[in-house]
>>> print(open('structure33.cif').read())   # mmCIF, C-alpha atoms
data_work
loop_
_atom_site.group_PDB
_atom_site.id
_atom_site.type_symbol
_atom_site.label_atom_id
_atom_site.label_comp_id
_atom_site.auth_asym_id
_atom_site.auth_seq_id
_atom_site.Cartn_x
_atom_site.Cartn_y
_atom_site.Cartn_z
ATOM 1 C CA MET A 1 137.177 -202.607 -183.386
ATOM 2 C CA ARG A 2 134.527 -200.234 -182.037
ATOM 3 C CA ILE A 3 132.214 -198.124 -184.153
ATOM 4 C CA ASN A 4 132.219 -194.439 -183.403
ATOM 5 C CA PRO A 5 128.883 -193.495 -181.715
ATOM 6 C CA VAL A 6 128.358 -190.600 -184.141
ATOM 7 C CA ILE A 7 128.778 -192.893 -187.132
ATOM 8 C CA PHE A 8 126.468 -195.475 -185.547
ATOM 9 C CA ARG A 9 123.780 -192.824 -184.921
ATOM 10 C CA ASN A 10 124.029 -191.571 -188.503
ATOM 11 C CA LEU A 11 123.867 -195.101 -189.902
ATOM 12 C CA LYS A 12 120.790 -195.768 -187.762
ATOM 13 C CA LYS A 13 119.120 -192.600 -189.083
ATOM 14 C CA ILE A 14 119.898 -193.543 -192.670
ATOM 15 C CA PHE A 15 118.582 -197.086 -192.138
ATOM 16 C CA ILE A 16 115.342 -195.809 -190.584
ATOM 17 C CA LEU A 17 114.965 -193.221 -193.356
ATOM 18 C CA ILE A 18 115.325 -195.871 -196.058
ATOM 19 C CA ILE A 19 112.981 -198.407 -194.443
ATOM 20 C CA GLY A 20 110.360 -195.892 -193.285
ATOM 21 C CA GLY A 21 110.515 -193.940 -196.537
ATOM 22 C CA THR A 22 110.027 -197.111 -198.544
ATOM 23 C CA VAL A 23 107.010 -198.155 -196.470
ATOM 24 C CA LEU A 24 105.548 -194.635 -196.673
ATOM 25 C CA LEU A 25 106.086 -194.479 -200.448
ATOM 26 C CA PHE A 26 104.467 -197.886 -200.825
ATOM 27 C CA GLY A 27 101.473 -196.621 -198.816
ATOM 28 C CA ILE A 28 101.166 -193.557 -201.047
ATOM 29 C CA ILE A 29 101.235 -195.812 -204.108
ATOM 30 C CA LEU A 30 98.479 -197.916 -202.523
ATOM 31 C CA ILE A 31 96.211 -194.856 -202.506
ATOM 32 C CA PHE A 32 95.912 -195.273 -206.275
ATOM 33 C CA LEU A 33 96.119 -199.073 -206.337
ATOM 34 C CA PRO A 34 93.886 -201.473 -204.452
ATOM 35 C CA GLY A 35 95.366 -202.031 -201.036
ATOM 36 C CA PRO A 36 95.309 -200.970 -197.392
ATOM 37 C CA SER A 37 96.967 -197.557 -197.709
ATOM 38 C CA PHE A 38 95.240 -196.365 -194.519
ATOM 39 C CA ILE A 39 97.311 -198.960 -192.621
ATOM 40 C CA VAL A 40 100.598 -198.752 -194.518
ATOM 41 C CA ILE A 41 100.981 -194.946 -194.465
ATOM 42 C CA PRO A 42 100.738 -194.672 -190.647
ATOM 43 C CA ALA A 43 103.115 -197.638 -190.354
ATOM 44 C CA GLY A 44 105.683 -195.820 -192.489
ATOM 45 C CA LEU A 45 105.201 -192.649 -190.447
ATOM 46 C CA ALA A 46 105.622 -194.643 -187.230
ATOM 47 C CA ILE A 47 108.922 -196.048 -188.472
ATOM 48 C CA LEU A 48 110.108 -192.583 -189.468
ATOM 49 C CA ALA A 49 108.899 -191.131 -186.147
ATOM 50 C CA ILE A 50 111.533 -193.189 -184.355
ATOM 51 C CA GLU A 51 114.169 -190.701 -185.489
ATOM 52 C CA PHE A 52 112.449 -187.701 -187.074
ATOM 53 C CA SER A 53 110.279 -185.170 -185.244
ATOM 54 C CA TRP A 54 108.481 -184.042 -188.429
ATOM 55 C CA ALA A 55 107.206 -187.601 -188.913
ATOM 56 C CA ARG A 56 106.139 -187.709 -185.270
ATOM 57 C CA SER A 57 104.049 -184.562 -185.693
ATOM 58 C CA LEU A 58 102.491 -185.894 -188.923
ATOM 59 C CA LEU A 59 101.651 -189.148 -187.165
ATOM 60 C CA LYS A 60 99.996 -187.259 -184.288
ATOM 61 C CA ARG A 61 97.963 -185.214 -186.759
ATOM 62 C CA ALA A 62 96.930 -188.346 -188.671
ATOM 63 C CA ARG A 63 95.880 -189.986 -185.410
ATOM 64 C CA SER A 64 93.748 -187.039 -184.378
ATOM 65 C CA VAL A 65 92.074 -186.849 -187.792
ATOM 66 C CA ALA A 66 91.418 -190.590 -187.777
ATOM 67 C CA ASN A 67 89.995 -190.478 -184.251
ATOM 68 C CA SER A 68 87.709 -187.573 -185.078
ATOM 69 C CA ARG A 69 86.467 -189.338 -188.199
ATOM 70 C CA ILE A 70 85.957 -192.639 -186.408
ATOM 71 C CA PHE A 71 84.098 -191.150 -183.472
ATOM 72 C CA SER A 72 81.963 -188.878 -185.666
ATOM 73 C CA PHE A 73 80.826 -191.816 -187.810
ATOM 74 C CA ARG A 74 77.711 -193.270 -186.227
ATOM 75 C CA PRO A 75 75.845 -195.523 -188.639
ATOM 76 C CA TRP A 76 73.250 -196.442 -186.038
ATOM 77 C CA GLN A 77 71.965 -192.860 -185.911
ATOM 78 C CA SER A 78 69.871 -191.722 -188.802
ATOM 79 C CA LYS A 79 68.647 -188.246 -189.711
ATOM 80 C CA LYS A 80 65.137 -189.253 -188.643
ATOM 81 C CA ASN A 81 66.293 -189.733 -185.065
ATOM 82 C CA GLU A 82 68.071 -186.378 -185.003
ATOM 83 C CA ASP A 83 65.028 -184.453 -186.245
ATOM 84 C CA GLN A 84 62.667 -185.795 -183.608
ATOM 85 C CA PRO A 85 62.492 -183.943 -180.297
ATOM 86 C CA ARG A 86 63.739 -185.850 -177.299
ATOM 87 C CA GLY A 87 61.945 -186.219 -174.094
#
>>> encode(input="structure33.cif", output="structure tokens")
Amino acid sequence: MRINPVIFRNLKKIFILIIGGTVLLFGIILIFLPGPSFIVIPAGLAILAIEFSWARSLLKRARSVANSRIFSFRPWQSKKNEDQPRG
């Protein structure tokens, strides 16, 4: 017995929605509880991005925000170094 491709696609979407939604919800809960929410939330979005374009766009936005924050954080530079003239 073969499964209809439309039914298979819908079952796959539902499965990904349940798993990704659960991981994402767990990550949101970890914002208020001690835990690595900054790892779990993007993981849930990545699972959801397999099937849903809205999750893909949220994941891209989260990546760009994280990259801008990471590359703008420079602990080795202090305000003293920025105030002094170079040259």
>>> resolve_selection(input="structure33.cif", expression="the PyMOL selection byres ((chain A and resi 23) around 12)", output="ChimeraX atom specification")
/A:16-22,24-30,37,39-48
>>> atom_distance(input="structure33.cif", atom1="CA of Leu11 in chain A", atom2="CA of Phe52 in chain A")
13.9 Å
>>> atom_distance(input="structure33.cif", atom1="CA of Pro36 in chain A", atom2="CA of Arg63 in chain A")
16.3 Å
>>> atom_distance(input="structure33.cif", atom1="CA of Ile50 in chain A", atom2="CA of Lys12 in chain A")
10.2 Å
